[in-house]
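Student: So here's structure21.pdb, just PDB, C-alpha atoms:
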ATOM      1  CA  MET A 957       0.000   0.000   0.000
ATOM      2  CA  GLU A 958       1.264   3.463  -0.882
ATOM      3  CA  ASN A 959       1.518   6.250   1.695
ATOM      4  CA  PRO A 960      -1.360   8.425   0.360
ATOM      5  CA  GLU A 961      -3.743   5.470   0.535
ATOM      6  CA  ALA A 962      -2.485   4.619   4.034
ATOM      7  CA  GLU A 963      -3.058   8.206   5.140
ATOM      8  CA  THR A 964      -6.621   7.999   3.807
ATOM      9  CA  VAL A 965      -7.274   4.852   5.858
ATOM     10  CA  ALA A 966      -5.787   6.494   8.961
ATOM     11  CA  THR A 967      -7.766   9.699   8.468
ATOM     12  CA  SER A 968     -10.922   7.599   8.152
ATOM     13  CA  ALA A 969      -9.971   5.842  11.380
ATOM     14  CA  LEU A 970      -9.556   9.171  13.164
ATOM     15  CA  ALA A 971     -12.941  10.359  11.914
ATOM     16  CA  TRP A 972     -14.474   7.058  13.034
ATOM     17  CA  LEU A 973     -12.924   7.412  16.485
ATOM     18  CA  ALA A 974     -14.275  10.965  16.734
ATOM     19  CA  GLU A 975     -17.836   9.786  16.041
ATOM     20  CA  GLU A 976     -18.061   8.172  19.483
ATOM     21  CA  PRO A 977     -17.089  10.112  22.630
ATOM     22  CA  ASP A 978     -15.858   6.975  24.424
ATOM     23  CA  ARG A 979     -13.630   5.973  21.515
ATOM     24  CA  ILE A 980     -12.054   9.389  21.007
ATOM     25  CA  GLY A 981     -11.747   9.819  24.762
ATOM     26  CA  ALA A 982      -9.819   6.566  25.043
ATOM     27  CA  PHE A 983      -7.581   7.595  22.154
ATOM     28  CA  LEU A 984      -6.888  11.026  23.625
ATOM     29  CA  GLY A 985      -6.210   9.452  27.007
ATOM     30  CA  THR A 986      -3.693   7.106  25.436
ATOM     31  CA  THR A 987      -1.904   9.811  23.463
ATOM     32  CA  GLY A 988      -2.134  12.548  26.083
ATOM     33  CA  LEU A 989      -3.228  15.008  23.410
ATOM     34  CA  ASP A 990      -5.661  17.791  24.037
ATOM     35  CA  PRO A 991      -8.611  17.739  21.591
ATOM     36  CA  ALA A 992      -7.494  21.129  20.250
ATOM     37  CA  ASP A 993      -4.159  19.616  19.204
ATOM     38  CA  VAL A 994      -5.641  16.814  17.122
ATOM     39  CA  VAL A 995      -6.367  18.900  14.024
ATOM     40  CA  ALA A 996      -2.759  20.034  13.672
ATOM     41  CA  ALA A 997      -1.373  16.623  14.574
ATOM     42  CA  ALA A 998      -3.604  14.903  12.009
ATOM     43  CA  ARG A 999      -1.577  16.528   9.255
ATOM     44  CA  THR A1000       1.475  14.403  10.073
ATOM     45  CA  PRO A1001       2.003  10.830   8.904
ATOM     46  CA  GLU A1002       3.524   9.943  12.294
ATOM     47  CA  PHE A1003       0.330  10.929  14.100
ATOM     48  CA  LEU A1004      -1.773   9.014  11.576
ATOM     49  CA  GLY A1005       0.389   5.996  12.331
ATOM     50  CA  ALA A1006      -0.411   6.456  16.022
ATOM     51  CA  VAL A1007      -4.120   6.508  15.174
ATOM     52  CA  LEU A1008      -3.766   3.139  13.467
ATOM     53  CA  ASP A1009      -1.613   1.822  16.315
ATOM     54  CA  PHE A1010      -4.488   2.620  18.663
ATOM     55  CA  VAL A1011      -7.065   0.924  16.441
ATOM     56  CA  LEU A1012      -4.818  -2.092  15.938
ATOM     57  CA  SER A1013      -4.283  -2.447  19.688
ATOM     58  CA  ASP A1014      -7.688  -4.102  20.034
ATOM     59  CA  ASP A1015      -9.132  -6.688  17.655
ATOM     60  CA  ALA A1016     -12.658  -5.470  18.395
ATOM     61  CA  LEU A1017     -11.699  -1.933  17.346
ATOM     62  CA  VAL A1018     -10.131  -3.184  14.126
ATOM     63  CA  LEU A1019     -13.203  -5.215  13.237
ATOM     64  CA  ALA A1020     -15.635  -2.434  14.142
ATOM     65  CA  PHE A1021     -13.678   0.164  12.162
ATOM     66  CA  ALA A1022     -13.255  -2.110   9.146
ATOM     67  CA  SER A1023     -16.947  -2.900   9.172
ATOM     68  CA  ALA A1024     -17.947   0.753   9.520
ATOM     69  CA  VAL A1025     -15.865   1.904   6.556
ATOM     70  CA  LYS A1026     -16.271  -1.309   4.592
ATOM     71  CA  VAL A1027     -12.629  -2.325   4.241
ATOM     72  CA  ALA A1028     -10.953  -5.638   4.926
ATOM     73  CA  PRO A1029      -9.455  -5.706   8.446
ATOM     74  CA  GLU A1030      -6.097  -6.701   6.953
ATOM     75  CA  ARG A1031      -6.019  -3.394   5.083
ATOM     76  CA  VAL A1032      -5.753  -1.540   8.388
ATOM     77  CA  GLY A1033      -2.525  -3.394   9.174
ATOM     78  CA  ARG A1034      -1.168  -2.784   5.678
ATOM     79  CA  ALA A1035      -1.952   0.913   6.030
ATOM     80  CA  ARG A1036      -0.053   1.017   9.323
ATOM     81  CA  ALA A1037       2.943  -0.664   7.742
ATOM     82  CA  ALA A1038       3.046   2.025   5.035
ATOM     83  CA  LEU A1039       3.266   4.909   7.512
ATOM     84  CA  PRO A1040       6.383   6.001   9.433
ATOM     85  CA  GLY A1041       7.253   3.628  12.253
ATOM     86  CA  GLY A1042       5.077   0.860  10.877
ATOM     87  CA  ASP A1043       7.764  -1.377   9.470
ATOM     88  CA  ASP A1044       7.097  -5.011  10.185
ATOM     89  CA  PRO A1045       9.765  -6.380  12.512
ATOM     90  CA  HIS A1046      11.647  -9.400  11.260
ATOM     91  CA  TRP A1047      12.760 -11.749  14.011
ATOM     92  CA  THR A1048      14.829 -14.098  11.906
TER      93      THR A1048
END
Take the structure I supplied and represent it as structure tokens, if you would.

Tutor:
Amino acid sequence: MENPEAETVATSALAWLAEEPDRIGAFLGTTGLDPADVVAAARTPEFLGAVLDFVLSDDALVLAFASAVKVAPERVGRARAALPGGDDPHWT
């Protein structure tokens, strides 16, 4: 997956998180960001990677997000891998 497509998936994930106060609250609590800082942060690929890290931290979140935006759950992981810091570790 190319970076622009990955950023689109991550931006959709952020919008999806923002639709539900509990979801966005949990995300903000994890990141320590103030809601006012999210708009500026959302312009950076590193932040978008953090959004996907949060979604990918819970299988239920991945499945709910993928279902809501009608994408395969695996695509969320591929999008994360395409953003900074998302390289798959190789343990061989």

Student: Nearest to Ser1013 in chain A among A:Leu989, A:Ala998, A:Ala971, A:Ala982, with distances taken over only C-alpha atoms: which residue is it?

Tutor: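 Under the stated criterion, the closest residue is A:Ala982.
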
Student: For the structure provided, state which residues fall under the PyMOL selection byres ((chain A and resi 1005) around 8), and present them as a ChimeraX atom specification.

Tutor: /A:966,1001-1004,1006-1009,1036,1039-1042

Student: Please report the interatomic distance between CA of Pro1029 in chain A and CA of Thr964 in chain A in Å with one decimal.

Tutor: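 Atom-to-atom, CA of Pro1029 in chain A to CA of Thr964 in chain A, that is 14.7 Å.
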
Student: Which is closer to Leu1017 in chain A than all the others in A:Ala997, A:Leu973, A:Ala1038, A:Leu984, using only C-alpha atoms?

Tutor: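 Smallest distance to Leu1017 in chain A is found for A:Leu973.
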
Student: In Å, rounded to a single decimal, give me how far CA of Glu958 in chain A is from CA of Val1018 in chain A.

Tutor: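 Atom-to-atom, CA of Val1018 in chain A and CA of Glu958 in chain A are spaced 20.0 Å apart.
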
Student: Apply the PyMOL selection byres ((chain A and resi 1032) around 10) to the file shown and report the selected residues as a list in words.

Tutor: Ala962, Val965, Ala966, Ala969, Leu1008, Asp1009, Val1011, Leu1012, Val1018, Leu1019, Phe1021, Ala1022, Val1027, Ala1028, Pro1029, Glu1030, Arg1031, Gly1033, Arg1034, Ala1035, Arg1036 and Ala1037 of chain A

Student: Do you have the CA of Ser968 in chain A-CA of Val1025 in chain A distance handy?

Tutor: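 Rounded to one decimal, the two atoms are 7.7 Å apart.
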
Student: Please complete range 1025-1046 of chain A so it has N, CA, C and O atoms, and hand it over as a PDB file, in the frame of the given file.

Tutor:
ATOM      1  N   VAL A1025     -16.311   1.251   7.788  1.00  0.00           N
ATOM      2  CA  VAL A1025     -15.865   1.904   6.556  1.00  0.00           C
ATOM      3  C   VAL A1025     -15.762   0.935   5.380  1.00  0.00           C
ATOM      4  O   VAL A1025     -15.312   1.315   4.303  1.00  0.00           O
ATOM      5  N   LYS A1026     -16.195  -0.288   5.633  1.00  0.00           N
ATOM      6  CA  LYS A1026     -16.271  -1.309   4.592  1.00  0.00           C
ATOM      7  C   LYS A1026     -14.928  -1.576   3.902  1.00  0.00           C
ATOM      8  O   LYS A1026     -14.794  -1.488   2.688  1.00  0.00           O
ATOM      9  N   VAL A1027     -13.932  -1.884   4.741  1.00  0.00           N
ATOM     10  CA  VAL A1027     -12.629  -2.325   4.241  1.00  0.00           C
ATOM     11  C   VAL A1027     -12.284  -3.639   4.925  1.00  0.00           C
ATOM     12  O   VAL A1027     -12.795  -3.942   6.005  1.00  0.00           O
ATOM     13  N   ALA A1028     -11.423  -4.395   4.315  1.00  0.00           N
ATOM     14  CA  ALA A1028     -10.953  -5.638   4.926  1.00  0.00           C
ATOM     15  C   ALA A1028     -10.101  -5.283   6.141  1.00  0.00           C
ATOM     16  O   ALA A1028      -9.279  -4.353   6.079  1.00  0.00           O
ATOM     17  N   PRO A1029     -10.259  -6.000   7.256  1.00  0.00           N
ATOM     18  CA  PRO A1029      -9.455  -5.706   8.446  1.00  0.00           C
ATOM     19  C   PRO A1029      -7.946  -5.736   8.174  1.00  0.00           C
ATOM     20  O   PRO A1029      -7.190  -4.963   8.764  1.00  0.00           O
ATOM     21  N   GLU A1030      -7.516  -6.593   7.275  1.00  0.00           N
ATOM     22  CA  GLU A1030      -6.097  -6.701   6.953  1.00  0.00           C
ATOM     23  C   GLU A1030      -5.564  -5.402   6.354  1.00  0.00           C
ATOM     24  O   GLU A1030      -4.382  -5.088   6.471  1.00  0.00           O
ATOM     25  N   ARG A1031      -6.435  -4.650   5.711  1.00  0.00           N
ATOM     26  CA  ARG A1031      -6.019  -3.394   5.083  1.00  0.00           C
ATOM     27  C   ARG A1031      -5.575  -2.373   6.132  1.00  0.00           C
ATOM     28  O   ARG A1031      -4.719  -1.543   5.864  1.00  0.00           O
ATOM     29  N   VAL A1032      -6.142  -2.450   7.314  1.00  0.00           N
ATOM     30  CA  VAL A1032      -5.753  -1.540   8.388  1.00  0.00           C
ATOM     31  C   VAL A1032      -4.286  -1.791   8.755  1.00  0.00           C
ATOM     32  O   VAL A1032      -3.499  -0.852   8.903  1.00  0.00           O
ATOM     33  N   GLY A1033      -3.919  -3.045   8.877  1.00  0.00           N
ATOM     34  CA  GLY A1033      -2.525  -3.394   9.174  1.00  0.00           C
ATOM     35  C   GLY A1033      -1.579  -2.999   8.050  1.00  0.00           C
ATOM     36  O   GLY A1033      -0.474  -2.510   8.305  1.00  0.00           O
ATOM     37  N   ARG A1034      -2.014  -3.185   6.811  1.00  0.00           N
ATOM     38  CA  ARG A1034      -1.168  -2.784   5.678  1.00  0.00           C
ATOM     39  C   ARG A1034      -0.991  -1.266   5.641  1.00  0.00           C
ATOM     40  O   ARG A1034       0.085  -0.769   5.322  1.00  0.00           O
ATOM     41  N   ALA A1035      -2.059  -0.549   5.983  1.00  0.00           N
ATOM     42  CA  ALA A1035      -1.952   0.913   6.030  1.00  0.00           C
ATOM     43  C   ALA A1035      -0.948   1.328   7.098  1.00  0.00           C
ATOM     44  O   ALA A1035      -0.116   2.218   6.873  1.00  0.00           O
ATOM     45  N   ARG A1036      -1.000   0.676   8.247  1.00  0.00           N
ATOM     46  CA  ARG A1036      -0.053   1.017   9.323  1.00  0.00           C
ATOM     47  C   ARG A1036       1.373   0.769   8.885  1.00  0.00           C
ATOM     48  O   ARG A1036       2.273   1.559   9.170  1.00  0.00           O
ATOM     49  N   ALA A1037       1.594  -0.324   8.185  1.00  0.00           N
ATOM     50  CA  ALA A1037       2.943  -0.664   7.742  1.00  0.00           C
ATOM     51  C   ALA A1037       3.493   0.361   6.753  1.00  0.00           C
ATOM     52  O   ALA A1037       4.710   0.562   6.675  1.00  0.00           O
ATOM     53  N   ALA A1038       2.617   1.057   6.043  1.00  0.00           N
ATOM     54  CA  ALA A1038       3.046   2.025   5.035  1.00  0.00           C
ATOM     55  C   ALA A1038       3.374   3.396   5.625  1.00  0.00           C
ATOM     56  O   ALA A1038       3.970   4.224   4.945  1.00  0.00           O
ATOM     57  N   LEU A1039       3.006   3.620   6.871  1.00  0.00           N
ATOM     58  CA  LEU A1039       3.266   4.909   7.512  1.00  0.00           C
ATOM     59  C   LEU A1039       4.543   4.852   8.341  1.00  0.00           C
ATOM     60  O   LEU A1039       4.993   3.764   8.719  1.00  0.00           O
ATOM     61  N   PRO A1040       5.139   5.993   8.647  1.00  0.00           N
ATOM     62  CA  PRO A1040       6.383   6.001   9.433  1.00  0.00           C
ATOM     63  C   PRO A1040       6.241   5.238  10.749  1.00  0.00           C
ATOM     64  O   PRO A1040       5.236   5.362  11.449  1.00  0.00           O
ATOM     65  N   GLY A1041       7.236   4.415  11.035  1.00  0.00           N
ATOM     66  CA  GLY A1041       7.253   3.628  12.253  1.00  0.00           C
ATOM     67  C   GLY A1041       6.467   2.340  12.175  1.00  0.00           C
ATOM     68  O   GLY A1041       6.376   1.603  13.141  1.00  0.00           O
ATOM     69  N   GLY A1042       5.919   2.040  11.007  1.00  0.00           N
ATOM     70  CA  GLY A1042       5.077   0.860  10.877  1.00  0.00           C
ATOM     71  C   GLY A1042       5.751  -0.327  10.229  1.00  0.00           C
ATOM     72  O   GLY A1042       5.089  -1.284   9.857  1.00  0.00           O
ATOM     73  N   ASP A1043       7.050  -0.255  10.078  1.00  0.00           N
ATOM     74  CA  ASP A1043       7.764  -1.377   9.470  1.00  0.00           C
ATOM     75  C   ASP A1043       7.520  -2.655  10.260  1.00  0.00           C
ATOM     76  O   ASP A1043       7.530  -2.655  11.496  1.00  0.00           O
ATOM     77  N   ASP A1044       7.271  -3.724   9.524  1.00  0.00           N
ATOM     78  CA  ASP A1044       7.097  -5.011  10.185  1.00  0.00           C
ATOM     79  C   ASP A1044       8.445  -5.491  10.712  1.00  0.00           C
ATOM     80  O   ASP A1044       9.426  -5.520   9.979  1.00  0.00           O
ATOM     81  N   PRO A1045       8.502  -5.846  11.995  1.00  0.00           N
ATOM     82  CA  PRO A1045       9.765  -6.380  12.512  1.00  0.00           C
ATOM     83  C   PRO A1045      10.025  -7.788  11.965  1.00  0.00           C
ATOM     84  O   PRO A1045       9.084  -8.549  11.763  1.00  0.00           O
ATOM     85  N   HIS A1046      11.250  -8.056  11.704  1.00  0.00           N
ATOM     86  CA  HIS A1046      11.647  -9.400  11.260  1.00  0.00           C
ATOM     87  C   HIS A1046      12.521 -10.005  12.347  1.00  0.00           C
ATOM     88  O   HIS A1046      13.543  -9.439  12.721  1.00  0.00           O
TER      89      HIS A1046
END
